[in-house]
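Working notes for the structure below.
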Amino acid sequence: MNDATKCDCKAICHDLNTVELCGKQWHWFLLSSAASYFAGLLILLICRHFYSRWMRSAYDRRPTNQYVAQYESPFLTPERIDKFQHTVFDHFLSVQTGSGKCTAILYFLFNVISVTLYINQSDQPLEQCKDVLNTCNWTLYADIGLNVFFLFHFLLRLIAAPNRLKFWFQMGSIVDFCTIPPCALALILERNWLGMRFMRALRFMQMGEILMTFNSTGTEEDQRAEKRKSIVQLLVLMLDFVSVWLFAAGFVHLVENSGDPWKAGSARDDNFTYFDSVWLTMVTMSTVGYGDVYPQTGIGRSFMMVFIVCGLAMFATYTPYLYEFYRSRSPYAGRYERADSKKYVVVCGHITYNNVKSFLADFLHPDRGDRTSRVLFLDNKRPEPELTGLIKRYFLSVQYFEGSALNHNDLRRVQLEHSDAVILLCNKDSDDTKSEDAATILRAISVKNYCSKARLIMQLLNYKSKSFLQTIPNWDPINYRDENICISEFMYGLVAQSCLCPGFSTLMINLISTRSYIPGNEKINENFDWKSDYAYGCDHEIYTVMISSDFNGMTFPEAAEICYKQLNLLMIAVENFDNSGLAINPLPDQFTIRKECLGYFIASSYKDVCRARFYCALCLNEGIEIGFKPCKCRLEAVKKKRSNVQLIPLSEHKSPNNNESGLTRVGSIDSKSSTATDLNQLRTVRHLFSQHSTKSTSVDRGTLAGAGMSSTFDPTGNYHWAPEKKFEDVDLKDHELNNHIVICAFGDDKTPISGLSSLIKPLRASNLPYKKLKVVLLLAEKDFLLKAWKELRHFPKIRVLCGSALDRSKLKRAFINRASMVVILSNYGKRMAYKDPFLLDKEPILACLNLPQVAGKSENSKPVEFIAELVNDSNVHFLDQDNEDEPDIELHLTMKFAQGSCITATALDTLMSEAYYNDEVMTLVRALIAGANVPEYDAEDEEHSGPLQVPANALCGSQCRVIRIKAEEPSLSEHIKGKAYKDVFVELLQKFNLLCLGLHRAIDWHLDISVEHKRFVYINPPGETKIVASDYLYVIVQTSKLQPPTEVMLNKIRDTMLRKGSTPEQPADSKLTRQNKVDNESGKQQMLPIDESSSSLAV
């Protein structure tokens, strides 16, 4: 072709935008790529060969002198080459440097631009005759400029490659050889061919590796590292998928528009666009296959057969990853946005529906007030559907986060350092209590390590685990108000006190739980519905408040009478800011209210208790009702800062008990509110007092016997002690029992027994006289009893009976018809083995159903009183076949719970709320439940030998108890029977120092013949309530007036014994020894007319 013809052809091709007149030359573009690739490969192999030979010869000719070798070494050495390669890599290719990051980003962006230009030109013919230098087409210039950059980047990678032969066969190198040489050939042939430019899409895969490298540069402490990592993984998957997808679409578009090389005219003429090929590859890869578009060339169909297999495998592989990513993107993986004015608590540990339901119902109760607005749950798993519904119910106040308390990043997400408290819940259904407590303590350590000043409230199962509290860093019950709730101590303490005072468990649980009472209509009251009265009592809780300074100088009975009659409040305890400690219903000569005194009240709301805080005797004398805010005279006193104090007698308070010596201050400035400073001072005083009271003095048992002290206590002075007995010696055998306590347990040698010791200790508390200790009979399998006897061998009056409570013959042998109480414990050994939660209580339920059958149904037979421990709250309706309770009714509204015949661990979840809102109440609750001074850190079991350690208050223990007295008690009937409750309250408080808490009333009390064994707990009934003959009264009574031995007394006793020359050993024939030999266990114990009589109640 001559020059004239060539010019005419270029002009025609340029005008017609076609290559039909001058022929297709695409094979030259393919040949340029293949030739450059293999030529470069050949050159690379030759260079490697000569370089290796040259390096070997250079090594053989190296100088032996080190100085000469340093200055006469060849220019190209392996060290210098490696250094040059590392320099190129660090400056241009490594993402650890700024220049490397810029190069990586530019390389990815230029690949995206190149693919975009290809897609933009895909609607044009594949091959065009164009004068590149003389045509103003910006796409061509842009493509040339991009390929220049790609060539430069290829050379950089070639230089920095440690193995250039391996680098030559990499996918990136092949892509560069398929795209760069055709671009250079286009300048020579003056024509453009789209051809293999679609292969640039494969370079998107490399960007995934770069993104992973970028992600690895983040610090481990970054709180968003995990989130960024998951996003990068998703981008890598998407880039790989898009790369293969666009590459396949481009190849199909090329072969379908070019046709088969061996078959002329096989190219498609239906305008097959690039987007058609994209559609074809997607429906093929996803196995949909609509059939509207399909390949027609031989190469296209062959490629699709291979692509179907590869694409299906890739699609099936990536789909689970995508699903897992979206599944892992939990809606609970966010970060809490804190509002400055709102408080919140973080709840961690064992988060389940049963735990959270009872906790939230009490924690977010309206009577709590707006003290805390939000509750944040943090758990390492997603909430179950029931829990999700519960969270949505409290969506304004509850938020759930997925994470672990052991991960500081998760603690940072919930901003734990700004929280008001951290609450740790445990798994109360765990078979291994020690392992569960270890997990809880580990969470506590993690929280304290993250924020040392965080307030911690935690649950523990085993009382021995409290010894590990000392290992928790910065554990401080005083400054940080840290608190631990031992489930076994509280639950079995309630059970033990219920054995001495039936219904005590229901009484205390209702007092520490916050519930609302909705008054019924008049018809309910006319029909004597017991549920209305019971619900009225459930509305009362224990509150604390700094009482008014107008109570200064009063005794406790005087202040309690004023609060009950004038303020409609039931005061049960007080605590001064000195070393006197907590005083529960103290005697008039033991306690006097001073300034800044903390009062403990039973009321229906905190608002009502505030009336004791703003009490003003002057306003009361003028007939002004005490409100919930400071009165005018008190505000005027504050303004004028009056220093004079006017005293008026208590008789002017319109009190029925005219006590001339009782004076109260009027006009003095009111005590401050319960600020944090005042309460911290009170906690410090209480802690110092407890430390002082637990300082022990060594005194021998013989010294105590010589001093007239007829009881023997354990080293702590809190419990009665007995010499160790062998297991065979405590077997029941042929003994007969009466008025005893039967404890039925289920298990074997592998069953945990942590709760059994906590059950026996309150029954052997030092505040109980030794003569009044009831015999405790343990009924269980022999393997279980042998394991339990190691912890019970030093408690007096313990008997064992090997067998099962499901065996009626064993129940008859245990004399349950003569027992004062039967305790049925749950089986801890097989809780996790049952998938059905209703089967967890099958042994206790069957044992309870056996009791009426064994006791008999004769007219003279007395119903057996029992209390059963249940795991599932809904199983309570199995305990009574005659009950009328609905199946889905709440536990506290059932007949058996109202009577005090069942208890569950979930009912104690309210203790966590009580410990948070009012931690002072926990001191009162522990004193009433344990019956002794329970130390915060229990030491390991000690050998009860050697000298007896007697604390300063050991012989008194807890000087008060809750007992139940009958209205028909001869010595008290004239003061109780037939009178209104308010009159009985005042008269018993004035004359006998008995503080009434409520009634244990029969459900059909209005009838002449009532069902004796069906009763309900009626807390603080209205004053107009009439006391009937079948009622029992719950009262707080002082158990002993014995003063603790002082150091001077102990020294005098010791000096006397030394002067006589006698050893301080206990006499062999002492009164105590003879008393222990009396067989009180044989049923000869004299029954006093008062239920659970005490030595102080001698009317």
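Convention: chains lettered A, B, ... in structure tokens order; per-chain residue numbering from 1; ligands numbered from 1 as shown.
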
Which of range 204-451 of chain A counts as helix (DSSP H, G or I) under DSSP, as a PyMOL selection string please?
chain A and resi 204-216+225-258+274-285+298-328+353-363+366-368+385-393+408-413+416-418+433-450

Within 6 Å of range 973-988 of chain A, counting only C-alpha atoms, which residues show up once you throw out same-chain ones fewer than 3 positions away? Write them as a PDB file with N, CA, C and O atoms, in the first residue's frame, please.
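Result went into out-v4.pdb, see below:
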ATOM      1  N   ALA A 967     -51.675 -14.698 119.758  1.00  0.00           N
ATOM      2  CA  ALA A 967     -52.566 -13.723 120.399  1.00  0.00           C
ATOM      3  C   ALA A 967     -53.217 -14.309 121.641  1.00  0.00           C
ATOM      4  O   ALA A 967     -53.602 -13.568 122.546  1.00  0.00           O
ATOM      5  N   GLU A 968     -53.353 -15.641 121.716  1.00  0.00           N
ATOM      6  CA  GLU A 968     -53.962 -16.295 122.868  1.00  0.00           C
ATOM      7  C   GLU A 968     -52.958 -16.635 123.958  1.00  0.00           C
ATOM      8  O   GLU A 968     -53.286 -17.365 124.895  1.00  0.00           O
ATOM      9  N   GLU A 969     -51.734 -16.139 123.818  1.00  0.00           N
ATOM     10  CA  GLU A 969     -50.744 -16.367 124.857  1.00  0.00           C
ATOM     11  C   GLU A 969     -51.278 -15.847 126.191  1.00  0.00           C
ATOM     12  O   GLU A 969     -51.672 -14.678 126.305  1.00  0.00           O
ATOM     13  N   PRO A 970     -51.355 -16.712 127.202  1.00  0.00           N
ATOM     14  CA  PRO A 970     -51.989 -16.300 128.469  1.00  0.00           C
ATOM     15  C   PRO A 970     -51.375 -15.052 129.081  1.00  0.00           C
ATOM     16  O   PRO A 970     -52.076 -14.192 129.611  1.00  0.00           O
ATOM     17  N   LYS A 991     -44.745  -1.400 127.459  1.00  0.00           N
ATOM     18  CA  LYS A 991     -44.643  -2.243 128.647  1.00  0.00           C
ATOM     19  C   LYS A 991     -43.602  -3.350 128.531  1.00  0.00           C
ATOM     20  O   LYS A 991     -43.001  -3.742 129.522  1.00  0.00           O
ATOM     21  N   PHE A 992     -43.420  -3.875 127.308  1.00  0.00           N
ATOM     22  CA  PHE A 992     -42.551  -5.050 127.172  1.00  0.00           C
ATOM     23  C   PHE A 992     -41.406  -4.834 126.173  1.00  0.00           C
ATOM     24  O   PHE A 992     -40.645  -5.764 125.920  1.00  0.00           O
ATOM     25  N   LEU A 994     -41.507  -4.715 123.047  1.00  0.00           N
ATOM     26  CA  LEU A 994     -41.709  -5.577 121.885  1.00  0.00           C
ATOM     27  C   LEU A 994     -42.162  -4.712 120.721  1.00  0.00           C
ATOM     28  O   LEU A 994     -43.160  -3.997 120.814  1.00  0.00           O
ATOM     29  N   CYS A 996     -43.690  -4.520 117.178  1.00  0.00           N
ATOM     30  CA  CYS A 996     -44.507  -5.314 116.266  1.00  0.00           C
ATOM     31  C   CYS A 996     -44.171  -4.976 114.812  1.00  0.00           C
ATOM     32  O   CYS A 996     -44.044  -3.796 114.448  1.00  0.00           O
ATOM     33  N   GLY A1023     -53.842   0.542 111.479  1.00  0.00           N
ATOM     34  CA  GLY A1023     -54.034   0.590 112.920  1.00  0.00           C
ATOM     35  C   GLY A1023     -55.410   0.131 113.364  1.00  0.00           C
ATOM     36  O   GLY A1023     -55.569  -0.337 114.497  1.00  0.00           O
ATOM     37  N   GLU A1024     -56.419   0.213 112.505  1.00  0.00           N
ATOM     38  CA  GLU A1024     -57.771  -0.177 112.887  1.00  0.00           C
ATOM     39  C   GLU A1024     -58.016  -1.677 112.803  1.00  0.00           C
ATOM     40  O   GLU A1024     -59.101  -2.161 113.138  1.00  0.00           O
ATOM     41  N   THR A1025     -57.016  -2.437 112.339  1.00  0.00           N
ATOM     42  CA  THR A1025     -57.185  -3.877 112.194  1.00  0.00           C
ATOM     43  C   THR A1025     -57.375  -4.526 113.571  1.00  0.00           C
ATOM     44  O   THR A1025     -56.583  -4.307 114.490  1.00  0.00           O
ATOM     45  N   LYS A1026     -58.419  -5.345 113.708  1.00  0.00           N
ATOM     46  CA  LYS A1026     -58.702  -6.034 114.953  1.00  0.00           C
ATOM     47  C   LYS A1026     -57.898  -7.321 115.036  1.00  0.00           C
ATOM     48  O   LYS A1026     -57.785  -8.074 114.075  1.00  0.00           O
ATOM     49  N   ILE A1027     -57.316  -7.567 116.191  1.00  0.00           N
ATOM     50  CA  ILE A1027     -56.565  -8.786 116.443  1.00  0.00           C
ATOM     51  C   ILE A1027     -57.533  -9.873 116.887  1.00  0.00           C
ATOM     52  O   ILE A1027     -58.302  -9.681 117.857  1.00  0.00           O
ATOM     53  N   VAL A1028     -57.514 -10.996 116.182  1.00  0.00           N
ATOM     54  CA  VAL A1028     -58.390 -12.123 116.519  1.00  0.00           C
ATOM     55  C   VAL A1028     -57.571 -13.194 117.213  1.00  0.00           C
ATOM     56  O   VAL A1028     -56.331 -13.137 117.264  1.00  0.00           O
TER      57      VAL A1028
END

Each range 291-370 of chain A residue no farther than 10 Å from range 451-472 of chain A, nearest pair in Å, only C-alpha atoms, as JSON lines:
{"residue": "A:Val345", "atom": "CA", "partner": "A:Arg455", "partner_atom": "CA", "distance": 9.6}
{"residue": "A:Val346", "atom": "CA", "partner": "A:Leu456", "partner_atom": "CA", "distance": 9.8}
{"residue": "A:Val347", "atom": "CA", "partner": "A:Ile457", "partner_atom": "CA", "distance": 9.5}
{"residue": "A:Cys348", "atom": "CA", "partner": "A:Met458", "partner_atom": "CA", "distance": 9.4}
{"residue": "A:Gly349", "atom": "CA", "partner": "A:Met458", "partner_atom": "CA", "distance": 9.2}

Applying 9 Å and only C-alpha atoms, which residues near range 313-328 of chain A remain after dropping the ones on its own chain fewer than 2 positions away? List them as an NGL selection string.
:A and (230-231 or 233-234 or 237-238 or 241 or 285-286 or 308-311 or 330)

Put those residues in a file: C-alpha atoms, as a PDB file, in the first residue's frame.
ATOM      1  CA  SER A 230     -14.466  -6.958  60.075  1.00  0.00           C
ATOM      2  CA  ILE A 231     -15.111  -4.124  57.625  1.00  0.00           C
ATOM      3  CA  GLN A 233     -12.534  -8.420  55.595  1.00  0.00           C
ATOM      4  CA  LEU A 234     -15.843  -7.586  53.965  1.00  0.00           C
ATOM      5  CA  LEU A 237     -14.347 -10.335  49.823  1.00  0.00           C
ATOM      6  CA  MET A 238     -16.235  -7.754  47.801  1.00  0.00           C
ATOM      7  CA  PHE A 241     -15.829 -10.987  43.884  1.00  0.00           C
ATOM      8  CA  MET A 285     -22.556 -17.403  38.696  1.00  0.00           C
ATOM      9  CA  SER A 286     -25.647 -17.233  40.912  1.00  0.00           C
ATOM     10  CA  ILE A 308     -19.843 -21.933  35.819  1.00  0.00           C
ATOM     11  CA  VAL A 309     -17.805 -24.333  37.948  1.00  0.00           C
ATOM     12  CA  CYS A 310     -15.395 -21.686  39.263  1.00  0.00           C
ATOM     13  CA  GLY A 311     -18.055 -19.015  39.704  1.00  0.00           C
ATOM     14  CA  SER A 330     -24.621  -7.314  66.110  1.00  0.00           C
TER      15      SER A 330
END

Determine, counting only C-alpha atoms, which protein, DNA and RNA residues have an atom within 8 Å of an atom of range 394-404 of chain A; residues of the same chain fewer than 3 positions away are not included. Present the result as a VMD selection string.
chain A and resid 330 332 to 334 348 373 to 382 390 to 391 407 410 to 411 414

Emit the selected residues as a CSV table (one decimal), in the first residue's frame, including N, CA, C and O atoms.
chain,number,residue,atom,x,y,z
A,330,SER,N,-23.5,-7.3,65.1
A,330,SER,CA,-24.6,-7.3,66.1
A,330,SER,C,-25.2,-5.9,66.3
A,330,SER,O,-24.4,-4.9,66.4
A,332,TYR,N,-26.0,-5.0,69.0
A,332,TYR,CA,-25.6,-4.7,70.4
A,332,TYR,C,-24.1,-4.4,70.5
A,332,TYR,O,-23.6,-4.5,71.6
A,333,ALA,N,-23.5,-4.1,69.4
A,333,ALA,CA,-22.0,-3.9,69.4
A,333,ALA,C,-21.6,-2.5,69.3
A,333,ALA,O,-20.5,-2.1,68.9
A,334,GLY,N,-22.5,-1.6,69.7
A,334,GLY,CA,-22.2,-0.2,69.6
A,334,GLY,C,-21.5,0.4,70.8
A,334,GLY,O,-21.0,-0.4,71.7
A,348,CYS,N,-23.2,-7.0,84.6
A,348,CYS,CA,-22.5,-8.0,83.9
A,348,CYS,C,-22.7,-9.4,84.5
A,348,CYS,O,-23.4,-9.5,85.5
A,373,SER,N,-31.5,6.4,85.9
A,373,SER,CA,-32.3,6.5,84.7
A,373,SER,C,-32.1,5.3,83.7
A,373,SER,O,-33.0,5.0,83.0
A,374,ARG,N,-30.9,4.7,83.7
A,374,ARG,CA,-30.6,3.7,82.7
A,374,ARG,C,-29.9,2.5,83.4
A,374,ARG,O,-29.1,2.7,84.3
A,375,VAL,N,-30.1,1.3,82.8
A,375,VAL,CA,-29.4,0.1,83.1
A,375,VAL,C,-28.7,-0.5,81.9
A,375,VAL,O,-29.4,-0.7,80.9
A,376,LEU,N,-27.4,-0.7,81.9
A,376,LEU,CA,-26.7,-1.2,80.8
A,376,LEU,C,-26.3,-2.6,81.1
A,376,LEU,O,-25.6,-2.9,82.1
A,377,PHE,N,-26.7,-3.6,80.2
A,377,PHE,CA,-26.4,-5.0,80.4
A,377,PHE,C,-25.2,-5.3,79.4
A,377,PHE,O,-25.2,-4.9,78.2
A,378,LEU,N,-24.2,-6.0,79.9
A,378,LEU,CA,-23.0,-6.3,79.1
A,378,LEU,C,-22.8,-7.8,79.3
A,378,LEU,O,-22.5,-8.3,80.4
A,379,ASP,N,-23.0,-8.5,78.1
A,379,ASP,CA,-22.8,-10.0,78.1
A,379,ASP,C,-22.2,-10.4,76.8
A,379,ASP,O,-22.3,-9.7,75.8
A,380,ASN,N,-21.5,-11.6,76.9
A,380,ASN,CA,-20.7,-12.0,75.7
A,380,ASN,C,-21.6,-12.8,74.7
A,380,ASN,O,-21.0,-13.3,73.8
A,381,LYS,N,-22.8,-12.8,74.8
A,381,LYS,CA,-23.7,-13.4,73.8
A,381,LYS,C,-24.9,-12.6,73.6
A,381,LYS,O,-25.3,-11.7,74.4
A,382,ARG,N,-25.6,-12.8,72.5
A,382,ARG,CA,-26.8,-12.1,72.2
A,382,ARG,C,-27.9,-12.5,73.1
A,382,ARG,O,-28.0,-13.6,73.5
A,390,LEU,N,-38.1,-8.5,76.8
A,390,LEU,CA,-38.1,-7.8,78.1
A,390,LEU,C,-37.4,-6.5,78.0
A,390,LEU,O,-37.7,-5.5,78.6
A,391,ILE,N,-36.3,-6.5,77.2
A,391,ILE,CA,-35.5,-5.2,77.0
A,391,ILE,C,-36.3,-4.2,76.3
A,391,ILE,O,-36.3,-3.0,76.6
A,407,ASN,N,-12.9,-7.9,79.0
A,407,ASN,CA,-12.3,-7.2,78.0
A,407,ASN,C,-12.4,-5.7,78.3
A,407,ASN,O,-13.5,-5.2,78.4
A,410,ASP,N,-14.4,-3.6,75.8
A,410,ASP,CA,-15.9,-3.6,76.0
A,410,ASP,C,-16.3,-2.8,77.2
A,410,ASP,O,-17.4,-2.1,77.2
A,411,LEU,N,-15.5,-2.8,78.2
A,411,LEU,CA,-15.8,-1.9,79.4
A,411,LEU,C,-15.7,-0.4,79.0
A,411,LEU,O,-16.4,0.4,79.5
A,414,VAL,N,-19.0,0.8,77.2
A,414,VAL,CA,-20.1,1.2,78.0
A,414,VAL,C,-19.7,2.3,79.0
A,414,VAL,O,-20.5,2.6,79.9

All residues 12 Å or closer to Ala855 in chain A, only C-alpha atoms, same chain fewer than 4 positions away omitted, as a compact mmCIF listing (two decimals) with all heavy atoms, in the first residue's frame:
# COMPACT_ATOMS: atom_id res chain seq x y z
N ARG A 808 -41.27 -43.00 102.41
CA ARG A 808 -42.18 -42.65 103.50
C ARG A 808 -41.77 -43.29 104.81
O ARG A 808 -42.02 -42.73 105.89
CB ARG A 808 -43.60 -43.07 103.13
CG ARG A 808 -44.17 -42.31 101.94
CD ARG A 808 -45.63 -42.63 101.71
NE ARG A 808 -46.14 -41.89 100.57
CZ ARG A 808 -47.41 -41.95 100.15
NH1 ARG A 808 -48.27 -42.76 100.77
NH2 ARG A 808 -47.80 -41.24 99.11
N SER A 809 -41.14 -44.45 104.75
CA SER A 809 -40.69 -45.09 105.99
C SER A 809 -39.62 -44.24 106.68
O SER A 809 -39.58 -44.16 107.91
CB SER A 809 -40.17 -46.49 105.70
OG SER A 809 -39.04 -46.44 104.82
N LEU A 811 -39.40 -40.99 106.43
CA LEU A 811 -40.07 -39.81 106.97
C LEU A 811 -40.75 -40.13 108.29
O LEU A 811 -40.76 -39.31 109.22
CB LEU A 811 -41.08 -39.28 105.96
CG LEU A 811 -40.51 -38.67 104.67
CD1 LEU A 811 -41.65 -38.25 103.74
CD2 LEU A 811 -39.62 -37.48 104.97
N LYS A 812 -41.35 -41.32 108.39
CA LYS A 812 -41.95 -41.72 109.66
C LYS A 812 -40.88 -41.89 110.73
O LYS A 812 -41.08 -41.51 111.90
CB LYS A 812 -42.73 -43.01 109.48
CG LYS A 812 -43.97 -42.87 108.62
CD LYS A 812 -44.70 -44.21 108.51
CE LYS A 812 -45.96 -44.07 107.65
NZ LYS A 812 -46.67 -45.37 107.53
N ARG A 813 -39.73 -42.45 110.34
CA ARG A 813 -38.65 -42.64 111.30
C ARG A 813 -38.09 -41.30 111.75
O ARG A 813 -37.55 -41.18 112.85
CB ARG A 813 -37.54 -43.47 110.64
CG ARG A 813 -36.39 -43.81 111.55
CD ARG A 813 -36.84 -44.77 112.65
NE ARG A 813 -35.81 -44.96 113.65
CZ ARG A 813 -35.64 -44.17 114.72
NH1 ARG A 813 -36.44 -43.11 114.91
NH2 ARG A 813 -34.70 -44.41 115.60
N ALA A 814 -38.23 -40.26 110.94
CA ALA A 814 -37.76 -38.92 111.31
C ALA A 814 -38.76 -38.16 112.17
O ALA A 814 -38.49 -37.02 112.55
CB ALA A 814 -37.45 -38.10 110.05
N PHE A 815 -39.92 -38.78 112.48
CA PHE A 815 -40.94 -38.17 113.34
C PHE A 815 -41.36 -36.79 112.82
O PHE A 815 -41.37 -35.80 113.57
CB PHE A 815 -40.43 -38.03 114.78
CG PHE A 815 -39.98 -39.33 115.39
CD1 PHE A 815 -38.64 -39.63 115.48
CD2 PHE A 815 -40.91 -40.26 115.88
CE1 PHE A 815 -38.20 -40.82 116.04
CE2 PHE A 815 -40.47 -41.45 116.44
CZ PHE A 815 -39.12 -41.75 116.53
N ILE A 816 -41.72 -36.73 111.55
CA ILE A 816 -42.09 -35.44 110.99
C ILE A 816 -43.41 -34.94 111.56
O ILE A 816 -43.69 -33.73 111.53
CB ILE A 816 -42.17 -35.52 109.46
CG1 ILE A 816 -43.27 -36.50 109.03
CG2 ILE A 816 -40.83 -35.90 108.85
CD1 ILE A 816 -43.59 -36.42 107.57
N ASN A 817 -44.25 -35.86 112.07
CA ASN A 817 -45.51 -35.41 112.68
C ASN A 817 -45.28 -34.70 114.00
O ASN A 817 -46.16 -34.02 114.51
CB ASN A 817 -46.45 -36.61 112.86
CG ASN A 817 -45.80 -37.73 113.67
OD1 ASN A 817 -44.58 -37.81 113.75
ND2 ASN A 817 -46.62 -38.60 114.25
N ARG A 818 -44.07 -34.86 114.60
CA ARG A 818 -43.74 -34.15 115.83
C ARG A 818 -42.80 -32.97 115.58
O ARG A 818 -42.49 -32.22 116.51
CB ARG A 818 -43.05 -35.10 116.82
CG ARG A 818 -43.85 -36.33 117.18
CD ARG A 818 -43.05 -37.17 118.16
NE ARG A 818 -43.67 -38.45 118.41
CZ ARG A 818 -43.13 -39.42 119.18
NH1 ARG A 818 -41.94 -39.20 119.74
NH2 ARG A 818 -43.75 -40.56 119.37
N ALA A 819 -42.32 -32.84 114.35
CA ALA A 819 -41.33 -31.80 114.05
C ALA A 819 -41.99 -30.43 114.02
O ALA A 819 -43.15 -30.27 113.61
CB ALA A 819 -40.66 -32.09 112.71
N VAL A 822 -40.10 -28.76 108.76
CA VAL A 822 -39.43 -29.66 107.84
C VAL A 822 -38.88 -28.81 106.70
O VAL A 822 -39.63 -28.08 106.05
CB VAL A 822 -40.37 -30.75 107.30
CG1 VAL A 822 -39.63 -31.63 106.29
CG2 VAL A 822 -40.92 -31.58 108.44
N CYS A 848 -42.51 -32.98 99.30
CA CYS A 848 -43.58 -32.18 99.94
C CYS A 848 -44.93 -32.88 99.87
O CYS A 848 -45.72 -32.81 100.81
CB CYS A 848 -43.66 -30.81 99.28
SG CYS A 848 -42.23 -29.75 99.56
N LEU A 849 -45.19 -33.55 98.76
CA LEU A 849 -46.46 -34.27 98.63
C LEU A 849 -46.49 -35.50 99.53
O LEU A 849 -47.59 -36.00 99.85
CB LEU A 849 -46.67 -34.68 97.17
CG LEU A 849 -46.79 -33.52 96.17
CD1 LEU A 849 -46.99 -34.05 94.76
CD2 LEU A 849 -47.94 -32.60 96.54
N ASN A 850 -45.35 -36.00 99.94
CA ASN A 850 -45.29 -37.15 100.85
C ASN A 850 -45.63 -36.77 102.29
O ASN A 850 -46.07 -37.62 103.07
CB ASN A 850 -43.91 -37.79 100.81
CG ASN A 850 -43.84 -38.94 99.83
OD1 ASN A 850 -44.86 -39.51 99.45
ND2 ASN A 850 -42.63 -39.29 99.44
N LEU A 851 -45.38 -35.52 102.65
CA LEU A 851 -45.53 -35.13 104.06
C LEU A 851 -46.95 -35.32 104.59
O LEU A 851 -47.12 -35.90 105.66
CB LEU A 851 -45.07 -33.68 104.23
CG LEU A 851 -43.59 -33.39 103.94
CD1 LEU A 851 -43.29 -31.92 104.16
CD2 LEU A 851 -42.70 -34.24 104.81
N GLU A 859 -58.24 -36.39 113.05
CA GLU A 859 -58.70 -35.12 113.61
C GLU A 859 -57.67 -34.51 114.56
O GLU A 859 -57.54 -33.30 114.68
CB GLU A 859 -60.02 -35.33 114.34
CG GLU A 859 -61.16 -35.76 113.42
CD GLU A 859 -62.45 -35.92 114.19
OE1 GLU A 859 -62.43 -35.75 115.42
OE2 GLU A 859 -63.48 -36.22 113.55
N ASN A 860 -56.94 -35.36 115.24
CA ASN A 860 -55.96 -34.87 116.21
C ASN A 860 -54.59 -34.60 115.59
O ASN A 860 -53.72 -34.05 116.26
CB ASN A 860 -55.80 -35.88 117.34
CG ASN A 860 -57.09 -36.06 118.12
OD1 ASN A 860 -57.89 -35.13 118.25
ND2 ASN A 860 -57.30 -37.27 118.66
N SER A 861 -54.41 -35.03 114.34
CA SER A 861 -53.10 -34.83 113.72
C SER A 861 -52.90 -33.37 113.33
O SER A 861 -53.81 -32.72 112.83
CB SER A 861 -52.96 -35.72 112.48
OG SER A 861 -53.94 -35.37 111.52
N LYS A 862 -51.70 -32.91 113.58
CA LYS A 862 -51.34 -31.52 113.27
C LYS A 862 -50.70 -31.47 111.89
O LYS A 862 -49.85 -32.32 111.58
CB LYS A 862 -50.39 -30.99 114.32
CG LYS A 862 -50.00 -29.53 114.14
CD LYS A 862 -49.03 -29.08 115.19
CE LYS A 862 -47.70 -29.78 115.07
NZ LYS A 862 -46.67 -29.22 115.98
N PRO A 863 -51.09 -30.52 111.04
CA PRO A 863 -50.44 -30.42 109.72
C PRO A 863 -48.96 -30.10 109.87
O PRO A 863 -48.54 -29.36 110.76
CB PRO A 863 -51.20 -29.29 109.03
CG PRO A 863 -51.81 -28.49 110.14
CD PRO A 863 -52.12 -29.48 111.23
N VAL A 864 -48.18 -30.69 108.98
CA VAL A 864 -46.74 -30.51 109.03
C VAL A 864 -46.38 -29.18 108.39
O VAL A 864 -46.75 -28.91 107.25
CB VAL A 864 -46.02 -31.67 108.32
CG1 VAL A 864 -44.51 -31.46 108.36
CG2 VAL A 864 -46.40 -33.00 108.94
N GLU A 865 -45.66 -28.35 109.13
CA GLU A 865 -45.16 -27.10 108.57
C GLU A 865 -43.83 -27.37 107.87
O GLU A 865 -42.94 -28.00 108.44
CB GLU A 865 -44.99 -26.04 109.65
CG GLU A 865 -46.29 -25.55 110.25
CD GLU A 865 -46.11 -24.29 111.06
OE1 GLU A 865 -45.08 -23.60 110.84
OE2 GLU A 865 -46.96 -23.99 111.90

A straight line from CA of Ile478 in chain A to CA of Met546 in chain A spans 18.6 Å

So that I can check the surroundings of Val776 in chain A, please list as number ranges by chain every protein, DNA and RNA residue that reaches within 9 Å of it, counting only C-alpha atoms and ignoring chain neighbours fewer than 5 positions away.
A: 740-743, 760, 763, 797-800
